[in-house]
Amino acid sequence: MCKFHKMATKLPSRLLTTWLIISTCTLIILYSKLIPYPKPSPPSPPRPHCNLFAGKWIFDPDHRRRPIYNQTCPFHRNAWNCLRNERDNMEVINSWKWVPEDCKLNEIDPVEFMGVMRGKRIGFVGDSLNENFVVSLLCILRVVDTGAKKWKRKGAWRGAYFPKYDVTVAYHRAVLLAKYEWQSEGDEAQGVYRVDVDTPAKEWADIAGFYDVLIFNTGHWWGYDKFPKESPLAFYQGGKPIVPAPDMLEGLQIVLKNMAAYIQKEFPKTLKFWRLQSPRHFHGGDWNQNGSCLFDKPLENSE
């Protein structure tokens with residue numbers, strides 16, 4: 001009798017629970033049908049690729065600022081120190097800024113840069129365009145580490161070490177990138193400049209594994225104004241002359257192909273950049289014809 005009474009008292013409770021569950025689910029379904037859901041918006045178009053090289057120079061005197069560094073920077077060549085030599089129109093020159101089309105280009109922050117590059121080694125390889133770049137970079141970084149010391153790895157043209165951040169920056173002068181040397185033909189005054197298109201210049205041939213970042217460039221030396229017409233370039237590959245003999249432009253293309261393959265093979269883990277040429281902008285003659293750089297505005301596209 002007692003067992004039957006307990007079962008009877010539990011039965012209504014179970015029915016009540018089941019009814020509550022069913023009614024709750026029913027209400028949720030009905031309510032959900034009454035809620036107006038917004039239609040999904042179409043996916044936003046992808047942002048355009050940030051191409052820092054697509055843009056234009058803007059003259060903006062309102063944002064003119066003095067260079068981050070001053071004329072006391074010890075890493076300049078004296079003849080190239082525009083601040084110390086008081087070049088004319090520096091205020092005008094410093095009013096130009098490069099503005100990319102699809103992205104924002106901030107000025108370099110030496111503190112942030114050094115923080116990111118702490119313990120790293122940065123190498124530049126190429127002609128005077130890279131030298132100008134590295135000198136400017138050294139002077140900017142020195143602002144946050146005045147204890148920087150001149151330093152040169154074997155084969156480097158110039159460089160510096162920043163002890164506060166353990167950062168090394170150096171420049172290896174290799175104007176053609178490939179190895180080239182004077183090869184006389186009997187008389188010392190007669191001969192050719194032999195270019196081994198598949199051999200890197202000795203100034204940077206042994207730097208594999210040393211630098212974390214490498215920046216390469218070449219171009220301005222690939223012209224007949226750099227080498228006398230009576231002493232042309234002779235191109236060799238595998239130790240033998242290339243036949244038929246390529247002209248200057250063809251030789252440049254062969255060197256670039258070989259040096260790119262060498263760089264990819266020898267520096268697989270190094271972050272690598274390639275700098276293009278800037279336009280020549282001498283006034284009144286070329287660099288070796290008493291020409292001077294008197295311009296204080298960028299060249300037009302037609303120039």
# chains A, B, ... in the order shown; residues from 1 in each chain; ligands from 1
call {"tool": "residues_around", "arguments": {"residues": "region 76-93 of chain A", "least_positions_apart": "6", "cutoff": "7 Å", "atoms": "only C-alpha atoms", "output": "PDB file with all heavy atoms, in the first residue's frame"}}
result
ATOM      1  N   ASN A  70      71.376  65.639 -37.123  1.00  0.00           N
ATOM      2  CA  ASN A  70      71.967  66.921 -37.503  1.00  0.00           C
ATOM      3  C   ASN A  70      73.345  66.715 -38.115  1.00  0.00           C
ATOM      4  O   ASN A  70      73.767  65.578 -38.366  1.00  0.00           O
ATOM      5  CB  ASN A  70      72.035  67.868 -36.300  1.00  0.00           C
ATOM      6  CG  ASN A  70      72.840  67.273 -35.148  1.00  0.00           C
ATOM      7  OD1 ASN A  70      73.815  66.540 -35.361  1.00  0.00           O
ATOM      8  ND2 ASN A  70      72.442  67.580 -33.927  1.00  0.00           N
ATOM      9  N   VAL A 135      73.940  55.417 -44.759  1.00  0.00           N
ATOM     10  CA  VAL A 135      74.449  56.538 -43.970  1.00  0.00           C
ATOM     11  C   VAL A 135      73.301  57.276 -43.294  1.00  0.00           C
ATOM     12  O   VAL A 135      73.368  57.628 -42.107  1.00  0.00           O
ATOM     13  CB  VAL A 135      75.275  57.486 -44.854  1.00  0.00           C
ATOM     14  CG1 VAL A 135      75.545  58.800 -44.134  1.00  0.00           C
ATOM     15  CG2 VAL A 135      76.595  56.836 -45.249  1.00  0.00           C
ATOM     16  N   ASP A 296      65.640  71.160 -56.327  1.00  0.00           N
ATOM     17  CA  ASP A 296      65.030  71.081 -55.007  1.00  0.00           C
ATOM     18  C   ASP A 296      63.589  70.586 -55.092  1.00  0.00           C
ATOM     19  O   ASP A 296      62.785  70.811 -54.195  1.00  0.00           O
ATOM     20  CB  ASP A 296      65.073  72.438 -54.300  1.00  0.00           C
ATOM     21  CG  ASP A 296      64.481  73.560 -55.142  1.00  0.00           C
ATOM     22  OD1 ASP A 296      63.718  73.254 -56.071  1.00  0.00           O
ATOM     23  OD2 ASP A 296      64.782  74.730 -54.860  1.00  0.00           O
ATOM     24  N   LYS A 297      63.273  69.919 -56.208  1.00  0.00           N
ATOM     25  CA  LYS A 297      61.951  69.303 -56.355  1.00  0.00           C
ATOM     26  C   LYS A 297      62.112  68.015 -57.151  1.00  0.00           C
ATOM     27  O   LYS A 297      63.069  67.842 -57.901  1.00  0.00           O
ATOM     28  CB  LYS A 297      60.985  70.256 -57.047  1.00  0.00           C
ATOM     29  CG  LYS A 297      61.364  70.607 -58.476  1.00  0.00           C
ATOM     30  CD  LYS A 297      60.334  71.542 -59.095  1.00  0.00           C
ATOM     31  CE  LYS A 297      60.704  71.882 -60.546  1.00  0.00           C
ATOM     32  NZ  LYS A 297      59.693  72.784 -61.153  1.00  0.00           N
TER      33      LYS A 297
END
call {"tool": "residues_around", "arguments": {"residues": "region 217-225 of chain A", "least_positions_apart": "4", "cutoff": "8 Å", "atoms": "only C-alpha atoms", "output": "PyMOL selection string"}}
result
chain A and resi 125-127+129-130+175-177+229+232+248-249+252+274-277
call {"tool": "residues_around", "arguments": {"residues": "region 54-64 of chain A", "least_positions_apart": "5", "cutoff": "8 Å", "atoms": "only C-alpha atoms", "output": "list of chain:residue names"}}
result
A:Glu91, A:Val92, A:Asn94, A:Ser95, A:Trp96, A:Lys97, A:Trp98, A:Val99, A:Pro100, A:Glu101, A:Pro298
call {"tool": "write_last_selection", "arguments": {"atoms": "C-alpha atoms", "output": "PDB file, in the first residue's frame"}}
result
ATOM      1  CA  GLU A  91      63.988  73.835 -46.145  1.00  0.00           C
ATOM      2  CA  VAL A  92      62.357  73.403 -49.540  1.00  0.00           C
ATOM      3  CA  ASN A  94      62.580  68.855 -46.545  1.00  0.00           C
ATOM      4  CA  SER A  95      59.051  69.983 -47.436  1.00  0.00           C
ATOM      5  CA  TRP A  96      58.578  67.141 -49.918  1.00  0.00           C
ATOM      6  CA  LYS A  97      57.080  63.894 -48.688  1.00  0.00           C
ATOM      7  CA  TRP A  98      56.177  60.679 -50.449  1.00  0.00           C
ATOM      8  CA  VAL A  99      52.481  59.774 -50.226  1.00  0.00           C
ATOM      9  CA  PRO A 100      51.424  56.268 -51.414  1.00  0.00           C
ATOM     10  CA  GLU A 101      48.048  55.931 -53.106  1.00  0.00           C
ATOM     11  CA  PRO A 298      61.273  65.805 -57.726  1.00  0.00           C
TER      12      PRO A 298
END
call {"tool": "atom_distance", "arguments": {"atom1": "CA of Tyr180 (chain A)", "atom2": "CA of Asn132 (chain A)"}}
result
22.6 Å
call {"tool": "select_by_dssp", "arguments": {"residues": "region 130-229 of chain A", "states": "strand (DSSP E)", "output": "count of residues only"}}
result
40
call {"tool": "residues_around", "arguments": {"residues": "Trp182 (chain A)", "least_positions_apart": "3", "cutoff": "8 Å", "atoms": "only C-alpha atoms", "output": "PDB file with N, CA and C atoms, in the first residue's frame"}}
result
ATOM      1  N   GLY A 191      93.344  46.680 -72.226  1.00  0.00           N
ATOM      2  CA  GLY A 191      92.695  45.502 -71.682  1.00  0.00           C
ATOM      3  C   GLY A 191      91.198  45.716 -71.558  1.00  0.00           C
ATOM      4  N   VAL A 192      90.582  44.880 -70.746  1.00  0.00           N
ATOM      5  CA  VAL A 192      89.135  44.942 -70.529  1.00  0.00           C
ATOM      6  C   VAL A 192      88.844  44.725 -69.046  1.00  0.00           C
ATOM      7  N   TYR A 193      87.659  45.111 -68.647  1.00  0.00           N
ATOM      8  CA  TYR A 193      87.176  44.775 -67.311  1.00  0.00           C
ATOM      9  C   TYR A 193      86.411  43.458 -67.416  1.00  0.00           C
ATOM     10  N   ARG A 194      86.978  42.431 -66.818  1.00  0.00           N
ATOM     11  CA  ARG A 194      86.357  41.106 -66.875  1.00  0.00           C
ATOM     12  C   ARG A 194      85.294  40.994 -65.789  1.00  0.00           C
TER      13      ARG A 194
END
call {"tool": "atom_distance", "arguments": {"atom1": "CA of Thr168 (chain A)", "atom2": "CA of Arg118 (chain A)"}}
result
9.2 Å
call {"tool": "atom_distance", "arguments": {"atom1": "CA of Ala234 (chain A)", "atom2": "CA of Val195 (chain A)"}}
result
5.9 Å
call {"tool": "select_by_dssp", "arguments": {"residues": "region 200-272 of chain A", "states": "helix (DSSP H, G or I)", "output": "MDAnalysis selection string"}}
result
chainID A and resid 248:266
call {"tool": "write_last_selection", "arguments": {"atoms": "all heavy atoms", "output": "compact mmCIF listing (two decimals), in the first residue's frame"}}
result
# COMPACT_ATOMS: atom_id res chain seq x y z
N MET A 248 76.10 45.84 -72.82
CA MET A 248 76.03 46.22 -71.42
C MET A 248 74.70 45.82 -70.78
O MET A 248 74.66 45.24 -69.69
CB MET A 248 76.25 47.73 -71.29
CG MET A 248 76.36 48.22 -69.86
SD MET A 248 77.99 47.94 -69.15
CE MET A 248 78.95 49.24 -69.94
N LEU A 249 73.58 46.12 -71.45
CA LEU A 249 72.27 45.81 -70.90
C LEU A 249 72.05 44.31 -70.78
O LEU A 249 71.52 43.82 -69.78
CB LEU A 249 71.17 46.45 -71.74
CG LEU A 249 69.73 46.22 -71.27
CD1 LEU A 249 69.54 46.71 -69.84
CD2 LEU A 249 68.74 46.89 -72.21
N GLU A 250 72.47 43.57 -71.80
CA GLU A 250 72.33 42.11 -71.74
C GLU A 250 73.19 41.55 -70.62
O GLU A 250 72.79 40.62 -69.91
CB GLU A 250 72.74 41.51 -73.08
CG GLU A 250 71.79 41.83 -74.22
CD GLU A 250 72.34 41.42 -75.57
OE1 GLU A 250 73.59 41.30 -75.70
OE2 GLU A 250 71.55 41.22 -76.50
N GLY A 251 74.39 42.12 -70.43
CA GLY A 251 75.25 41.67 -69.34
C GLY A 251 74.61 41.91 -67.98
O GLY A 251 74.70 41.07 -67.07
N LEU A 252 73.95 43.06 -67.82
CA LEU A 252 73.25 43.35 -66.57
C LEU A 252 72.18 42.30 -66.30
O LEU A 252 72.04 41.80 -65.18
CB LEU A 252 72.62 44.74 -66.64
CG LEU A 252 71.63 45.11 -65.54
CD1 LEU A 252 72.28 45.04 -64.17
CD2 LEU A 252 71.02 46.47 -65.79
N GLN A 253 71.41 41.96 -67.32
CA GLN A 253 70.34 40.98 -67.15
C GLN A 253 70.90 39.60 -66.77
O GLN A 253 70.33 38.90 -65.92
CB GLN A 253 69.52 40.88 -68.44
CG GLN A 253 68.75 42.16 -68.76
CD GLN A 253 68.09 42.14 -70.12
OE1 GLN A 253 68.50 41.37 -71.00
NE2 GLN A 253 67.09 42.98 -70.31
N ILE A 254 72.03 39.23 -67.35
CA ILE A 254 72.65 37.94 -67.02
C ILE A 254 73.15 37.95 -65.58
O ILE A 254 72.97 36.98 -64.83
CB ILE A 254 73.80 37.63 -68.00
CG1 ILE A 254 73.26 37.47 -69.42
CG2 ILE A 254 74.55 36.37 -67.57
CD1 ILE A 254 74.35 37.37 -70.48
N VAL A 255 73.77 39.05 -65.17
CA VAL A 255 74.27 39.15 -63.80
C VAL A 255 73.12 39.09 -62.80
O VAL A 255 73.19 38.40 -61.78
CB VAL A 255 75.09 40.44 -63.62
CG1 VAL A 255 75.31 40.75 -62.14
CG2 VAL A 255 76.43 40.32 -64.33
N LEU A 256 72.05 39.84 -63.07
CA LEU A 256 70.91 39.84 -62.15
C LEU A 256 70.34 38.44 -61.98
O LEU A 256 70.01 38.02 -60.87
CB LEU A 256 69.83 40.80 -62.66
CG LEU A 256 70.16 42.29 -62.63
CD1 LEU A 256 68.99 43.09 -63.17
CD2 LEU A 256 70.51 42.75 -61.23
N LYS A 257 70.20 37.72 -63.07
CA LYS A 257 69.67 36.36 -63.00
C LYS A 257 70.57 35.46 -62.16
O LYS A 257 70.09 34.71 -61.30
CB LYS A 257 69.51 35.80 -64.41
CG LYS A 257 68.92 34.40 -64.45
CD LYS A 257 68.74 33.92 -65.89
CE LYS A 257 68.15 32.51 -65.92
NZ LYS A 257 67.98 32.03 -67.33
N ASN A 258 71.87 35.55 -62.38
CA ASN A 258 72.80 34.70 -61.64
C ASN A 258 72.91 35.11 -60.18
O ASN A 258 72.96 34.25 -59.29
CB ASN A 258 74.18 34.76 -62.30
CG ASN A 258 74.31 33.86 -63.51
OD1 ASN A 258 74.58 32.67 -63.41
ND2 ASN A 258 74.10 34.43 -64.69
N MET A 259 72.94 36.41 -59.91
CA MET A 259 73.07 36.85 -58.53
C MET A 259 71.79 36.55 -57.73
O MET A 259 71.86 36.21 -56.55
CB MET A 259 73.37 38.35 -58.48
CG MET A 259 74.76 38.72 -59.00
SD MET A 259 76.12 37.96 -58.06
CE MET A 259 76.54 36.56 -59.13
N ALA A 260 70.64 36.66 -58.38
CA ALA A 260 69.39 36.31 -57.70
C ALA A 260 69.37 34.84 -57.31
O ALA A 260 68.97 34.47 -56.19
CB ALA A 260 68.20 36.65 -58.58
N ALA A 261 69.84 33.98 -58.21
CA ALA A 261 69.90 32.55 -57.91
C ALA A 261 70.89 32.28 -56.78
O ALA A 261 70.63 31.46 -55.89
CB ALA A 261 70.29 31.77 -59.17
N TYR A 262 72.02 32.97 -56.80
CA TYR A 262 73.03 32.80 -55.75
C TYR A 262 72.49 33.24 -54.40
O TYR A 262 72.66 32.56 -53.37
CB TYR A 262 74.28 33.60 -56.11
CG TYR A 262 75.37 33.54 -55.07
CD1 TYR A 262 76.31 32.51 -55.07
CD2 TYR A 262 75.46 34.50 -54.07
CE1 TYR A 262 77.32 32.46 -54.12
CE2 TYR A 262 76.46 34.45 -53.10
CZ TYR A 262 77.38 33.43 -53.14
OH TYR A 262 78.37 33.37 -52.17
N ILE A 263 71.81 34.37 -54.38
CA ILE A 263 71.27 34.91 -53.13
C ILE A 263 70.21 33.97 -52.55
O ILE A 263 70.20 33.69 -51.34
CB ILE A 263 70.68 36.31 -53.37
CG1 ILE A 263 71.81 37.30 -53.67
CG2 ILE A 263 69.87 36.79 -52.17
CD1 ILE A 263 71.32 38.64 -54.22
N GLN A 264 69.33 33.45 -53.40
CA GLN A 264 68.30 32.53 -52.92
C GLN A 264 68.92 31.26 -52.34
O GLN A 264 68.44 30.72 -51.35
CB GLN A 264 67.36 32.18 -54.07
CG GLN A 264 66.42 33.31 -54.46
CD GLN A 264 65.44 33.66 -53.36
OE1 GLN A 264 65.70 34.56 -52.56
NE2 GLN A 264 64.34 32.95 -53.30
N LYS A 265 69.99 30.80 -52.94
CA LYS A 265 70.63 29.57 -52.49
C LYS A 265 71.44 29.77 -51.22
O LYS A 265 71.36 28.96 -50.28
CB LYS A 265 71.55 29.03 -53.60
CG LYS A 265 72.32 27.78 -53.20
CD LYS A 265 73.26 27.33 -54.32
CE LYS A 265 74.09 26.12 -53.90
NZ LYS A 265 75.04 25.71 -54.96
N GLU A 266 72.21 30.85 -51.15
CA GLU A 266 73.14 31.06 -50.04
C GLU A 266 72.50 31.72 -48.82
O GLU A 266 73.03 31.64 -47.73
CB GLU A 266 74.33 31.90 -50.51
CG GLU A 266 75.18 31.23 -51.58
CD GLU A 266 75.84 29.96 -51.07
OE1 GLU A 266 76.23 29.91 -49.89
OE2 GLU A 266 75.95 29.00 -51.87
call {"tool": "closest_residue", "arguments": {"among": "A:Pro74, A:Pro200, A:Gly239, A:Gly186", "to": "Lys149 (chain A)", "atoms": "only C-alpha atoms"}}
result
A:Pro74
call {"tool": "residues_around", "arguments": {"residues": "region 102-112 of chain A", "least_positions_apart": "2", "cutoff": "12 Å", "atoms": "only C-alpha atoms", "output": "ChimeraX atom specification"}}
result
/A:47-56,63,65,67-69,97-100,114-118,136-145,164-165
call {"tool": "residues_around", "arguments": {"residues": "His172 (chain A)", "least_positions_apart": "5", "cutoff": "7 Å", "atoms": "only C-alpha atoms", "output": "list in words"}}
result
Phe124, Val125, Gly126, Gly155, Ala156, Trp157, Glu203 and Trp204 of chain A
call {"tool": "write_last_selection", "arguments": {"atoms": "all heavy atoms", "output": "tab-separated table (two decimals), in the first residue's frame"}}
result
chain	number	residue	atom	x	y	z
A	124	PHE	N	73.80	46.02	-46.22
A	124	PHE	CA	73.50	46.62	-47.52
A	124	PHE	C	74.60	46.23	-48.49
A	124	PHE	O	75.79	46.30	-48.14
A	124	PHE	CB	73.43	48.14	-47.41
A	124	PHE	CG	72.25	48.65	-46.62
A	124	PHE	CD1	72.24	48.59	-45.24
A	124	PHE	CD2	71.15	49.20	-47.27
A	124	PHE	CE1	71.16	49.07	-44.51
A	124	PHE	CE2	70.07	49.68	-46.55
A	124	PHE	CZ	70.07	49.62	-45.16
A	125	VAL	N	74.22	45.84	-49.70
A	125	VAL	CA	75.19	45.44	-50.72
A	125	VAL	C	74.81	46.14	-52.02
A	125	VAL	O	73.68	46.00	-52.50
A	125	VAL	CB	75.18	43.91	-50.94
A	125	VAL	CG1	76.21	43.53	-52.00
A	125	VAL	CG2	75.46	43.18	-49.63
A	126	GLY	N	75.76	46.89	-52.59
A	126	GLY	CA	75.47	47.54	-53.85
A	126	GLY	C	76.30	48.79	-54.08
A	126	GLY	O	77.43	48.90	-53.60
A	155	GLY	N	85.44	43.14	-45.46
A	155	GLY	CA	84.81	43.32	-46.76
A	155	GLY	C	83.81	44.45	-46.80
A	155	GLY	O	83.40	44.87	-47.88
A	156	ALA	N	83.42	44.96	-45.63
A	156	ALA	CA	82.44	46.05	-45.60
A	156	ALA	C	83.13	47.38	-45.85
A	156	ALA	O	84.28	47.59	-45.46
A	156	ALA	CB	81.71	46.06	-44.26
A	157	TRP	N	82.40	48.28	-46.47
A	157	TRP	CA	82.92	49.62	-46.78
A	157	TRP	C	82.81	50.52	-45.57
A	157	TRP	O	83.69	51.29	-45.27
A	157	TRP	CB	82.12	50.16	-47.97
A	157	TRP	CG	82.54	51.49	-48.50
A	157	TRP	CD1	82.04	52.70	-48.12
A	157	TRP	CD2	83.51	51.76	-49.52
A	157	TRP	NE1	82.62	53.71	-48.85
A	157	TRP	CE2	83.53	53.16	-49.72
A	157	TRP	CE3	84.34	50.96	-50.30
A	157	TRP	CZ2	84.35	53.78	-50.65
A	157	TRP	CZ3	85.16	51.58	-51.23
A	157	TRP	CH2	85.17	52.96	-51.40
A	203	GLU	N	83.71	41.42	-51.97
A	203	GLU	CA	83.30	42.25	-50.84
A	203	GLU	C	82.10	41.69	-50.10
A	203	GLU	O	81.86	42.04	-48.94
A	203	GLU	CB	82.97	43.68	-51.32
A	203	GLU	CG	84.18	44.51	-51.72
A	203	GLU	CD	84.70	44.17	-53.10
A	203	GLU	OE1	84.04	43.37	-53.82
A	203	GLU	OE2	85.76	44.71	-53.48
A	204	TRP	N	81.33	40.80	-50.73
A	204	TRP	CA	80.18	40.22	-50.02
A	204	TRP	C	80.05	38.71	-50.24
A	204	TRP	O	79.05	38.12	-49.85
A	204	TRP	CB	78.88	40.91	-50.46
A	204	TRP	CG	78.48	40.69	-51.89
A	204	TRP	CD1	78.96	41.29	-53.00
A	204	TRP	CD2	77.45	39.80	-52.36
A	204	TRP	NE1	78.33	40.84	-54.13
A	204	TRP	CE2	77.39	39.93	-53.77
A	204	TRP	CE3	76.58	38.92	-51.73
A	204	TRP	CZ2	76.50	39.20	-54.55
A	204	TRP	CZ3	75.68	38.19	-52.51
A	204	TRP	CH2	75.65	38.33	-53.90
call {"tool": "residues_around", "arguments": {"residues": "Ala170 (chain A)", "least_positions_apart": "4", "cutoff": "6 Å", "atoms": "only C-alpha atoms", "output": "list in words"}}
result
Gly123, Arg158 and Gly159 of chain A
call {"tool": "write_last_selection", "arguments": {"atoms": "N, CA, C and O atoms", "output": "PDB file, in the first residue's frame"}}
result
ATOM      1  N   GLY A 123      72.530  44.257 -43.395  1.00  0.00           N
ATOM      2  CA  GLY A 123      73.583  44.476 -44.375  1.00  0.00           C
ATOM      3  C   GLY A 123      73.052  45.072 -45.666  1.00  0.00           C
ATOM      4  O   GLY A 123      71.980  44.695 -46.145  1.00  0.00           O
ATOM      5  N   ARG A 158      81.693  50.437 -44.875  1.00  0.00           N
ATOM      6  CA  ARG A 158      81.473  51.222 -43.666  1.00  0.00           C
ATOM      7  C   ARG A 158      80.341  50.587 -42.870  1.00  0.00           C
ATOM      8  O   ARG A 158      79.610  49.740 -43.369  1.00  0.00           O
ATOM      9  N   GLY A 159      80.171  51.030 -41.636  1.00  0.00           N
ATOM     10  CA  GLY A 159      79.106  50.474 -40.813  1.00  0.00           C
ATOM     11  C   GLY A 159      79.197  50.968 -39.386  1.00  0.00           C
ATOM     12  O   GLY A 159      80.059  51.781 -39.042  1.00  0.00           O
TER      13      GLY A 159
END
